[in-house]
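Engineer: Compact mmCIF, C-alpha atoms, file final_38.txt:
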```txt
# COMPACT_ATOMS: atom_id res chain seq x y z
CA MET J 304 -7.83 -5.91 -12.59
CA THR J 305 -5.47 -8.01 -10.46
CA PRO J 306 -4.21 -6.01 -7.45
CA PRO J 307 -0.41 -5.75 -7.04
CA ARG J 308 1.23 -8.23 -4.71
CA LEU J 309 2.93 -5.47 -2.74
CA ALA J 310 0.87 -2.34 -2.29
CA LEU J 311 2.28 0.64 -0.41
CA ASN J 312 0.40 3.80 0.34
CA LEU J 313 1.88 7.10 -0.74
CA PHE J 314 3.32 7.92 2.70
CA TRP J 315 5.37 4.73 2.97
CA ARG J 316 6.54 4.93 -0.63
CA THR J 317 7.71 8.53 -0.17
CA PHE J 318 9.27 7.65 3.19
CA ALA J 319 11.15 4.66 1.74
CA LEU J 320 12.52 6.68 -1.19
CA LEU J 321 13.61 9.57 1.04
CA ALA J 322 15.13 7.19 3.59
CA LEU J 323 17.14 5.40 0.89
CA LEU J 324 18.30 8.72 -0.53
CA LEU J 325 19.38 10.11 2.84
CA ALA J 326 21.01 6.85 3.94
CA ALA J 327 22.95 6.66 0.67
CA GLY J 328 23.99 10.30 1.19
CA VAL J 329 25.26 9.59 4.72
CA LEU J 330 27.25 6.56 3.57
CA ALA J 331 28.62 8.46 0.56
CA TRP J 332 29.80 11.32 2.77
CA GLN J 333 31.37 8.84 5.18
CA GLN J 334 33.30 7.21 2.33
CA THR J 335 34.31 10.63 1.02
CA PHE J 336 35.65 11.68 4.40
CA LYS J 337 37.57 8.41 4.66
CA ALA J 338 39.13 8.97 1.24
CA LEU J 339 40.06 12.56 2.09
CA GLU J 340 41.49 11.46 5.44
CA ALA J 341 43.68 8.71 3.94
CA GLU J 342 45.99 11.07 2.03
CA PRO J 343 47.25 13.23 4.93
CA LYS J 344 47.46 10.25 7.31
CA ALA J 345 49.54 8.29 4.78
CA LEU J 346 51.92 11.26 4.38
CA GLU J 347 52.20 11.64 8.16
CA ALA J 348 52.86 7.93 8.70
CA ALA J 349 55.43 7.86 5.86
CA GLN J 350 57.22 10.88 7.35
CA GLN J 351 57.40 9.23 10.79
CA LEU J 352 58.64 5.91 9.39
CA ALA J 353 61.18 7.59 7.13
CA GLY J 354 62.48 9.57 10.14
CA LEU J 355 62.96 6.37 12.19
CA VAL J 356 64.67 4.64 9.28
CA ASN J 357 66.97 7.60 8.65
CA LEU J 358 67.92 7.79 12.35
CA SER J 359 68.71 4.09 12.33
CA ARG J 360 70.62 4.44 9.07
CA VAL J 361 72.72 7.30 10.49
CA ALA J 362 73.46 5.33 13.65
CA LEU J 363 74.52 2.29 11.64
CA SER J 364 76.44 4.11 8.94
CA SER J 365 78.50 6.08 11.48
CA THR J 366 80.04 2.90 12.90
CA ASP J 367 82.22 0.26 11.36
CA SER J 368 81.04 -3.24 10.66
CA ILE J 369 82.35 -4.53 14.01
CA ASN J 370 80.54 -1.94 16.13
CA ARG J 371 77.29 -2.28 14.13
CA VAL J 372 76.53 -5.48 16.00
CA ALA J 373 76.61 -3.57 19.29
CA VAL J 374 74.40 -0.83 17.83
CA VAL J 375 71.89 -3.39 16.55
CA LYS J 376 71.78 -5.08 19.96
CA SER J 377 71.23 -1.76 21.71
CA LEU J 378 68.38 -0.90 19.32
CA ALA J 379 66.88 -4.35 19.90
CA ARG J 380 66.41 -3.49 23.59
CA SER J 381 64.07 -0.62 22.60
CA GLU J 382 60.35 -1.28 22.97
CA ALA J 383 59.28 1.10 20.19
CA VAL J 384 61.87 0.36 17.49
CA GLN J 385 63.95 -2.73 16.77
CA VAL J 386 66.55 -3.32 14.05
CA GLU J 387 67.65 -6.70 12.69
CA VAL J 388 70.15 -7.66 10.04
CA ALA J 389 68.50 -8.82 6.85
CA GLU J 390 69.31 -12.38 5.77
CA THR J 391 68.79 -14.05 2.43
CA THR J 392 66.70 -16.72 4.17
CA ASP J 393 64.22 -14.22 5.63
CA ARG J 394 60.54 -14.95 5.00
CA TRP J 395 58.41 -11.85 4.98
CA MET J 396 54.76 -11.15 4.25
CA PRO J 397 53.78 -8.22 1.99
CA TYR J 398 52.01 -5.30 3.62
CA GLU J 399 48.25 -5.07 3.11
CA ASN J 400 47.10 -3.79 -0.29
CA THR J 401 44.76 -0.95 0.70
CA PRO J 402 44.67 2.61 -0.69
CA PHE J 403 46.29 3.80 2.54
CA ALA J 404 49.04 1.11 2.36
CA GLN J 405 49.72 1.86 -1.30
CA ARG J 406 50.10 5.56 -0.58
CA LEU J 407 52.32 4.80 2.43
CA ARG J 408 54.54 2.46 0.36
CA LYS J 409 54.84 5.01 -2.42
CA GLU J 410 55.94 7.76 -0.02
CA LEU J 411 58.50 5.50 1.72
CA VAL J 412 60.04 4.47 -1.60
CA SER J 413 60.28 8.10 -2.68
CA ARG J 414 61.96 9.08 0.63
CA LEU J 415 64.17 6.01 1.29
CA GLY J 416 64.97 4.69 -2.15
CA PRO J 417 63.75 2.00 -4.54
CA GLN J 418 65.19 -0.86 -2.46
CA THR J 419 62.78 -0.18 0.38
CA VAL J 420 60.42 -3.04 1.25
CA LEU J 421 57.31 -2.77 3.47
CA ALA J 422 56.16 -5.99 5.20
CA SER J 423 53.50 -6.98 7.73
CA GLY J 424 55.46 -9.92 9.15
CA LEU J 425 59.02 -11.25 9.23
CA ASN J 426 59.87 -14.88 9.95
CA GLY J 427 56.55 -15.35 11.67
CA VAL J 428 56.79 -12.19 13.78
CA PRO J 429 53.96 -9.77 13.00
CA GLY J 430 54.44 -6.03 12.92
CA LEU J 431 55.34 -3.23 10.59
CA TRP J 432 58.70 -4.08 9.03
CA VAL J 433 60.71 -1.80 6.75
CA ARG J 434 63.80 -3.10 4.93
CA PHE J 435 66.46 -0.51 4.11
CA ASP J 436 70.07 -0.61 3.05
CA VAL J 437 73.18 0.89 4.60
CA GLY J 438 75.83 0.64 1.97
CA PRO J 439 76.06 -2.99 0.84
CA ASP J 440 74.23 -4.27 3.93
CA GLN J 441 70.46 -4.50 4.47
CA PHE J 442 68.52 -4.23 7.71
CA TRP J 443 64.97 -4.65 8.95
CA LEU J 444 63.35 -2.01 11.15
CA GLN J 445 60.32 -3.06 13.18
CA THR J 446 57.94 -0.59 14.79
CA ASN J 447 54.49 -0.64 16.31
CA PRO J 448 51.99 -0.24 13.40
CA ALA J 449 49.11 1.13 15.52
CA PRO J 450 50.18 4.80 15.70
CA LEU J 451 51.03 4.81 12.00
CA GLN J 452 47.80 3.29 10.68
CA ALA J 453 44.93 5.51 9.60
CA ASN J 454 41.75 5.07 11.58
CA MET J 455 39.76 4.10 8.53
CA SER J 456 36.71 2.79 10.45
CA SER J 457 34.57 5.73 11.49
CA ASN J 458 32.86 5.70 14.85
CA TRP J 459 29.83 3.56 14.18
CA TRP J 460 27.64 5.35 16.68
CA TRP J 461 27.90 8.56 14.69
CA ILE J 462 26.73 6.70 11.60
CA VAL J 463 23.79 5.27 13.58
CA ILE J 464 22.89 8.75 14.85
CA ALA J 465 23.12 10.21 11.35
CA LEU J 466 20.97 7.42 9.88
CA GLY J 467 18.41 7.75 12.68
CA ALA J 468 18.16 11.49 12.15
CA SER J 469 17.81 10.90 8.42
CA LEU J 470 14.94 8.46 8.96
CA LEU J 471 13.13 10.88 11.27
CA GLY J 472 13.61 13.67 8.77
CA ALA J 473 12.35 11.44 5.95
CA ALA J 474 9.23 10.56 7.98
CA ALA J 475 8.52 14.23 8.72
CA ILE J 476 9.02 15.26 5.08
CA ALA J 477 6.89 12.38 3.78
CA ARG J 478 4.08 13.27 6.18
CA LEU J 479 4.27 16.94 5.19
CA ILE J 480 4.14 16.06 1.49
CA ASN J 481 1.40 13.44 1.71
CA GLN J 482 -0.94 15.10 4.24
CA PRO J 483 -2.78 17.22 1.61
CA LEU J 484 -3.15 14.17 -0.64
CA ARG J 485 -4.49 12.12 2.26
CA GLU J 486 -7.04 14.82 3.07
CA LEU J 487 -8.03 14.91 -0.60
CA SER J 488 -8.44 11.12 -0.65
CA ILE J 489 -10.63 11.18 2.48
CA ALA J 490 -12.76 14.01 1.10
CA ALA J 491 -13.16 12.19 -2.24
CA SER J 492 -14.31 9.06 -0.36
CA ARG J 493 -16.92 11.13 1.47
CA ILE J 494 -18.13 12.60 -1.81
CA ARG J 495 -18.47 9.08 -3.22
CA GLU J 496 -20.60 8.13 -0.21
CA GLY J 497 -22.86 11.12 -0.77
CA GLU J 498 -21.44 13.53 1.84
CA TYR J 499 -21.11 16.69 -0.22
CA ASP J 500 -20.25 18.95 2.70
CA SER J 501 -16.56 17.95 2.67
CA ARG J 502 -14.29 20.99 2.39
CA LEU J 503 -10.53 21.28 1.95
CA ASP J 504 -8.24 24.05 3.19
CA GLU J 505 -8.01 26.85 0.63
CA SER J 506 -5.43 28.86 2.58
CA THR J 507 -2.51 26.44 2.35
CA LEU J 508 0.82 27.98 1.36
CA THR J 509 1.52 25.56 -1.51
CA SER J 510 -0.03 27.10 -4.61
CA GLU J 511 -0.64 23.83 -6.46
CA ILE J 512 -2.34 22.22 -3.45
CA ARG J 513 -4.36 25.39 -2.88
CA GLU J 514 -5.63 25.37 -6.48
CA VAL J 515 -6.53 21.67 -6.24
CA ASN J 516 -8.42 22.25 -2.98
CA MET J 517 -10.30 25.22 -4.43
CA GLY J 518 -11.27 23.19 -7.50
CA PHE J 519 -12.38 20.28 -5.33
CA ASN J 520 -14.52 22.54 -3.14
CA ARG J 521 -16.18 24.05 -6.20
CA MET J 522 -16.90 20.58 -7.52
CA ALA J 523 -18.36 19.52 -4.15
CA ARG J 524 -20.64 22.56 -4.04
CA GLU J 525 -21.85 21.95 -7.59
CA LEU J 526 -22.48 18.27 -6.87
CA ALA J 527 -24.38 19.17 -3.72
CA LYS J 528 -26.54 21.59 -5.69
CA MET J 529 -27.14 19.02 -8.43
CA GLU J 530 -28.07 16.40 -5.84
CA GLU J 531 -30.48 18.79 -4.16
CA ASP J 532 -32.06 19.73 -7.48
CA ARG J 533 -32.36 16.07 -8.44
CA SER J 534 -34.01 15.17 -5.14
CA VAL J 535 -36.50 18.01 -5.50
CA MET J 536 -37.21 17.03 -9.11
CA LEU J 537 -37.68 13.35 -8.32
CA ALA J 538 -39.91 14.16 -5.36
CA GLY J 539 -42.02 16.38 -7.60
CA ILE J 540 -42.20 13.74 -10.33
CA SER J 541 -43.18 11.10 -7.80
CA HIS J 542 -45.94 13.30 -6.38
CA ASP J 543 -47.17 14.47 -9.80
CA LEU J 544 -47.30 10.91 -11.19
CA ARG J 545 -48.84 9.20 -8.19
CA THR J 546 -51.76 11.65 -8.05
CA PRO J 547 -53.10 10.79 -11.55
CA LEU J 548 -52.30 7.12 -10.95
CA ALA J 549 -54.51 7.17 -7.87
CA ARG J 550 -57.29 8.80 -9.91
CA LEU J 551 -56.86 6.18 -12.66
CA ARG J 552 -57.16 3.39 -10.12
CA LEU J 553 -60.31 4.94 -8.64
CA GLU J 554 -61.87 5.52 -12.07
CA ALA J 555 -61.03 1.95 -13.12
CA GLU J 556 -62.70 0.56 -10.02
CA MET J 557 -65.79 2.70 -10.53
CA SER J 558 -66.16 2.92 -14.31
CA VAL J 559 -64.75 -0.28 -15.83
CA THR J 560 -67.34 -3.03 -15.67
CA ASP J 561 -65.20 -5.76 -17.25
CA GLU J 562 -63.50 -7.58 -14.35
CA GLN J 563 -60.55 -8.77 -16.42
CA ALA J 564 -59.94 -5.32 -17.92
CA ARG J 565 -60.11 -3.81 -14.46
CA GLN J 566 -57.47 -6.27 -13.23
CA PHE J 567 -55.20 -5.48 -16.18
CA ILE J 568 -55.51 -1.74 -15.53
CA ALA J 569 -54.76 -2.27 -11.83
CA GLN J 570 -51.69 -4.35 -12.75
CA ASP J 571 -50.41 -1.62 -15.08
CA ILE J 572 -50.92 0.98 -12.38
CA ASP J 573 -49.07 -1.19 -9.85
CA GLN J 574 -46.24 -1.65 -12.34
CA LEU J 575 -45.97 2.11 -12.89
CA ASP J 576 -45.96 2.67 -9.14
CA ALA J 577 -43.23 0.04 -8.70
CA ILE J 578 -41.13 1.72 -11.40
CA ILE J 579 -41.48 5.06 -9.61
CA ASN J 580 -40.34 3.38 -6.39
CA LYS J 581 -37.28 2.00 -8.19
CA PHE J 582 -36.35 5.44 -9.43
CA MET J 583 -36.70 6.83 -5.93
CA ASP J 584 -34.65 4.00 -4.40
CA TYR J 585 -31.83 4.55 -6.89
CA ALA J 586 -31.74 8.32 -6.36
CA ARG J 587 -32.50 8.45 -2.64
CA PRO J 588 -29.43 9.74 -0.66
CA SER J 589 -30.40 8.00 2.57
CA GLU J 590 -28.19 8.36 5.65
CA LEU J 591 -26.36 5.23 6.75
CA GLN J 592 -26.16 4.02 10.34
CA LEU J 593 -23.94 0.95 10.51
CA THR J 594 -24.79 -1.35 13.39
CA ALA J 595 -24.02 -4.96 14.25
CA MET J 596 -26.98 -7.00 12.98
CA ASN J 597 -27.81 -10.70 12.89
CA LEU J 598 -27.50 -11.80 9.27
CA ARG J 599 -30.07 -14.62 9.37
CA GLU J 600 -32.71 -12.39 10.92
CA LEU J 601 -32.21 -9.75 8.23
CA VAL J 602 -32.47 -12.29 5.41
CA GLU J 603 -35.51 -14.07 6.86
CA ARG J 604 -37.30 -10.77 7.40
CA GLU J 605 -36.96 -9.82 3.74
CA ALA J 606 -37.73 -13.38 2.58
CA GLN J 607 -41.06 -13.28 4.44
CA GLY J 608 -42.23 -10.56 2.09
CA PHE J 609 -42.33 -13.09 -0.77
CA ARG J 610 -45.24 -15.25 0.42
CA ASP J 611 -46.42 -16.73 -2.87
CA PRO J 612 -44.78 -20.20 -3.13
CA ALA J 613 -46.05 -20.52 -6.70
CA GLN J 614 -43.64 -17.77 -7.77
CA ILE J 615 -40.60 -18.05 -5.49
CA GLN J 616 -39.31 -20.39 -2.80
CA ILE J 617 -36.46 -19.07 -0.66
CA SER J 618 -34.27 -21.45 1.35
CA VAL J 619 -32.18 -19.71 4.05
CA ARG J 620 -29.27 -21.76 5.39
CA LEU J 621 -27.36 -19.38 7.63
CA SER J 622 -25.77 -19.69 11.04
CA ALA J 623 -27.60 -17.92 13.83
CA ALA J 624 -24.29 -16.60 15.17
CA LEU J 625 -23.28 -14.61 12.07
CA ARG J 626 -23.41 -10.85 12.59
CA ILE J 627 -22.45 -8.12 10.12
CA TRP J 628 -21.94 -4.37 10.16
CA THR J 629 -24.69 -2.90 8.05
CA ASP J 630 -27.55 -0.47 7.80
CA PRO J 631 -30.76 -2.51 8.09
CA THR J 632 -32.74 -0.32 5.68
CA GLU J 633 -29.99 -0.29 3.03
CA PHE J 634 -29.31 -4.02 3.41
CA GLY J 635 -33.03 -4.78 3.22
CA ARG J 636 -33.14 -2.85 -0.07
CA ILE J 637 -30.29 -5.04 -1.39
CA LEU J 638 -32.02 -8.31 -0.48
CA LEU J 639 -35.39 -7.09 -1.77
CA ASN J 640 -33.95 -6.36 -5.21
CA LEU J 641 -31.99 -9.63 -5.35
CA PHE J 642 -35.07 -11.69 -4.42
CA GLU J 643 -37.26 -9.72 -6.83
CA ASN J 644 -34.70 -10.27 -9.60
CA ALA J 645 -34.75 -14.02 -8.87
CA ARG J 646 -38.54 -14.09 -8.80
CA ARG J 647 -38.79 -12.48 -12.22
CA TYR J 648 -35.90 -14.06 -14.14
CA GLY J 649 -34.87 -17.17 -12.15
CA ARG J 650 -37.77 -19.39 -13.19
CA HIS J 651 -38.21 -22.24 -15.66
CA ALA J 652 -41.59 -22.14 -17.47
CA ASP J 653 -44.36 -22.33 -14.87
CA GLU J 654 -42.12 -23.58 -12.05
CA PRO J 655 -41.42 -21.28 -9.10
CA ALA J 656 -38.02 -19.68 -8.71
CA ARG J 657 -35.90 -21.61 -6.20
CA VAL J 658 -33.47 -19.38 -4.29
CA GLU J 659 -30.77 -20.56 -1.89
CA VAL J 660 -29.10 -18.20 0.58
CA THR J 661 -25.85 -19.45 2.15
CA ALA J 662 -22.80 -17.86 3.73
CA GLU J 663 -19.13 -18.51 4.45
CA ALA J 664 -17.23 -16.51 7.07
CA ASP J 665 -13.72 -15.80 8.28
CA SER J 666 -12.47 -13.52 11.02
CA ALA J 667 -13.13 -10.27 9.13
CA TRP J 668 -15.63 -10.92 6.32
CA VAL J 669 -18.83 -12.79 5.52
CA LEU J 670 -19.41 -14.04 1.97
CA LEU J 671 -23.19 -14.12 1.46
CA THR J 672 -24.35 -16.07 -1.61
CA VAL J 673 -27.81 -15.66 -3.16
CA ARG J 674 -28.37 -18.22 -5.92
CA ASP J 675 -31.33 -19.07 -8.10
CA HIS J 676 -31.74 -22.09 -10.41
CA GLY J 677 -32.95 -20.23 -13.46
CA PRO J 678 -31.39 -20.06 -16.92
CA GLY J 679 -28.65 -17.68 -15.83
CA VAL J 680 -27.19 -14.80 -17.85
CA PRO J 681 -25.00 -14.91 -20.99
CA PRO J 682 -21.36 -14.49 -19.87
CA ASP J 683 -20.80 -11.49 -22.15
CA LYS J 684 -23.61 -9.60 -20.41
CA LEU J 685 -22.67 -10.20 -16.77
CA ALA J 686 -20.59 -7.03 -16.58
CA LYS J 687 -23.53 -4.92 -17.86
CA LEU J 688 -26.14 -6.10 -15.37
CA THR J 689 -25.44 -3.32 -12.87
CA THR J 690 -25.72 -0.61 -15.54
CA PRO J 691 -28.81 1.53 -14.87
CA PHE J 692 -31.75 0.77 -17.21
CA TYR J 693 -29.94 -2.21 -18.78
CA ARG J 694 -31.91 -5.44 -19.23
CA GLY J 695 -30.79 -8.83 -20.45
CA ASP J 696 -32.63 -10.57 -23.27
CA SER J 697 -34.99 -12.48 -20.99
CA ALA J 698 -35.66 -9.31 -19.01
CA ARG J 699 -36.41 -7.33 -22.16
CA THR J 700 -39.04 -9.79 -23.31
CA ALA J 701 -40.74 -9.60 -19.92
CA ALA J 702 -40.06 -5.94 -19.17
CA THR J 703 -41.95 -5.50 -15.94
CA GLY J 704 -39.28 -3.41 -14.18
CA ALA J 705 -37.24 -0.29 -14.69
CA GLY J 706 -33.88 -1.98 -15.20
CA LEU J 707 -32.56 -0.56 -11.92
CA GLY J 708 -32.69 -3.56 -9.54
CA LEU J 709 -29.06 -4.68 -9.72
CA ALA J 710 -27.90 -1.08 -10.19
CA ILE J 711 -29.55 -0.29 -6.84
CA VAL J 712 -27.83 -3.35 -5.33
CA GLU J 713 -24.40 -2.25 -6.51
CA LYS J 714 -24.89 1.32 -5.32
CA SER J 715 -26.06 0.18 -1.88
CA ILE J 716 -23.19 -2.30 -1.63
CA GLN J 717 -20.69 0.48 -2.29
CA ARG J 718 -22.29 2.69 0.34
CA LEU J 719 -21.96 -0.12 2.90
CA GLY J 720 -18.27 -0.60 2.10
CA ALA J 721 -18.93 -4.13 0.85
CA GLN J 722 -18.27 -5.86 -2.49
CA LEU J 723 -20.56 -7.45 -5.10
CA ARG J 724 -19.75 -10.25 -7.53
CA LEU J 725 -22.24 -11.55 -10.13
CA THR J 726 -21.60 -14.90 -11.81
CA ASN J 727 -23.37 -17.93 -13.28
CA ALA J 728 -23.49 -21.21 -11.40
CA GLU J 729 -21.57 -24.12 -12.89
CA ASP J 730 -24.69 -26.20 -13.59
CA SER J 731 -27.35 -23.51 -14.03
CA GLY J 732 -28.60 -20.42 -12.33
CA PHE J 733 -27.52 -16.93 -11.43
CA VAL J 734 -25.30 -16.22 -8.38
CA ALA J 735 -24.87 -12.95 -6.48
CA GLN J 736 -22.08 -12.92 -3.88
CA LEU J 737 -21.88 -10.16 -1.26
CA ARG J 738 -18.67 -9.67 0.71
CA LEU J 739 -19.79 -8.02 3.97
CA LYS J 740 -17.89 -6.78 7.02
CA ARG J 741 -18.27 -9.21 9.89
CA ALA J 742 -19.14 -8.03 13.39
CA ASN J 743 -17.71 -9.99 16.28
CA PRO J 744 -20.40 -11.77 18.33
```
Before we go any further, please render this structure as structure tokens.
Structural biologist:
Amino acid sequence: MTPPRLALNLFWRTFALLALLLAAGVLAWQQTFKALEAEPKALEAAQQLAGLVNLSRVALSSTDSINRVAVVKSLARSEAVQVEVAETTDRWMPYENTPFAQRLRKELVSRLGPQTVLASGLNGVPGLWVRFDVGPDQFWLQTNPAPLQANMSSNWWWIVIALGASLLGAAAIARLINQPLRELSIAASRIREGEYDSRLDESTLTSEIREVNMGFNRMARELAKMEEDRSVMLAGISHDLRTPLARLRLEAEMSVTDEQARQFIAQDIDQLDAIINKFMDYARPSELQLTAMNLRELVEREAQGFRDPAQIQISVRLSAALRIWTDPTEFGRILLNLFENARRYGRHADEPARVEVTAEADSAWVLLTVRDHGPGVPPDKLAKLTTPFYRGDSARTAATGAGLGLAIVEKSIQRLGAQLRLTNAEDSGFVAQLRLKRANP
């Protein structure tokens, strides 16, 4: 299965969703408050403007046309309000088209009449301009727009504080939600590695989590008991079988006079003993002690056990500086089974099996490749090779093992936290690739 391009753990996914939800809530409330604030501010600004216009209208309407010029000039000297006579050649810019401006315009028209015009500039002079009529004449009133405008931009620091508090709350909630699941994931990983003493809290307040933890603990106890029973059973079988095998070997040496028959009996006894060892290796829950080890030394030590060049020839081409994190006993079991698999099934006729061991490394991992030059494996059977007791066609015809070699390799690889990949070489041969954790020199 191809892994996703972007993979988030449960904490970060929950945190991101909660953060988006809370941030959207903060922004939505801010927009709501702005909308609720616009209505009363528009009414207040319209009331103030209408009052100024009505005062100016009263002052102008109470004088005749000759004295209006003096009134207009006196109003022009005011810093807050100025009045100018409207001309047909005036060029004015419409007031901004915002919800606040629309509400303000609507209120001014309702208070001052339909001839009222609201502008943001007149003849190149910016400001808040209101055109009104006094009888047949029209005038412009200019005032400072700042006190009349609604403060529609909220204080940004309050938004930052609200968003920061939301993010902290989202992180705390996500951690609270995901902590039991994280503990369950860690405990399940320990169970997979053979540590059956993992226990989860059965007194948590959340009923669903409490039931899951209780079920997990029951499962762990049952698995521990099954593992103990299996170990006792296998140890008993091993002892009970090896005792009669030893007697058979002794009787064959003493009673069988035919040399060839005696050799065949000894070979069968050795094969039975090897099969028992395979069973014990597959079922043995050995304790792991990961240490930084030299890869070439480990490989050469296991390769030295195969001394017969007529059956297998192992070529080790590894750098002396490569070190990996591994358990030497477990890793030796992996190499032993890979070499034994190559010795049995990586040969052509009477030729010895030729095995090449190479490695590629980066900063974090070492890719160890063990390749033979035998006939390989049919592609449709590669995925089944690590199934316990499964043998390929060539292995079935020469069934000298228990069918557990590659199953033991896969199980040991998982215990070491490494990865295994089985393929066929492009020309011929079987390839086992081990992705191991690199230890810095």
Engineer: Go ahead and compute the interatomic distance for atom CA of J:Asp630 and atom CA of J:Ala656, in Å to one decimal.
Structural biologist: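 Atom CA of J:Ala656 lies at a distance of 27.4 Å from atom CA of J:Asp630.
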Engineer: What does the distance from atom CA of J:Ile716 to atom CA of J:Phe733 come to in Å, to one decimal?
Structural biologist: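 Computing it gives 18.1 Å between the two atoms.
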Engineer: Go through J:Glu603, J:Glu659, J:Asp532, J:Glu713 and flag the residue nearest J:Val673, using only C-alpha atoms for the distances.
Structural biologist: J:Glu659
Engineer: Fewer than 5 positions away in the same chain doesn't count, so skip those; otherwise give me all residues within 12 Å of J:Leu621, counting all atoms listed in the file, as a ChimeraX atom specification.
Structural biologist: /J:597-603,626,659-664,669-673
Engineer: Please provide as a ChimeraX atom specification all residues within 12 Å of J:Glu525, with the sequence filter that same-chain residues fewer than 5 positions apart are discarded (counting all atoms listed in the file).
Structural biologist: /J:494,499-500,518-520,530-532
Engineer: Identify which of the residues J:Leu320, J:Ala404, J:Leu415, J:Ala595 lies closest to J:Gly354, counting all atoms listed in the file when measuring atom-to-atom distances.
Structural biologist: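 Between J:Leu320, J:Ala404, J:Leu415, J:Ala595, the residue approaching J:Gly354 most closely is J:Leu415.
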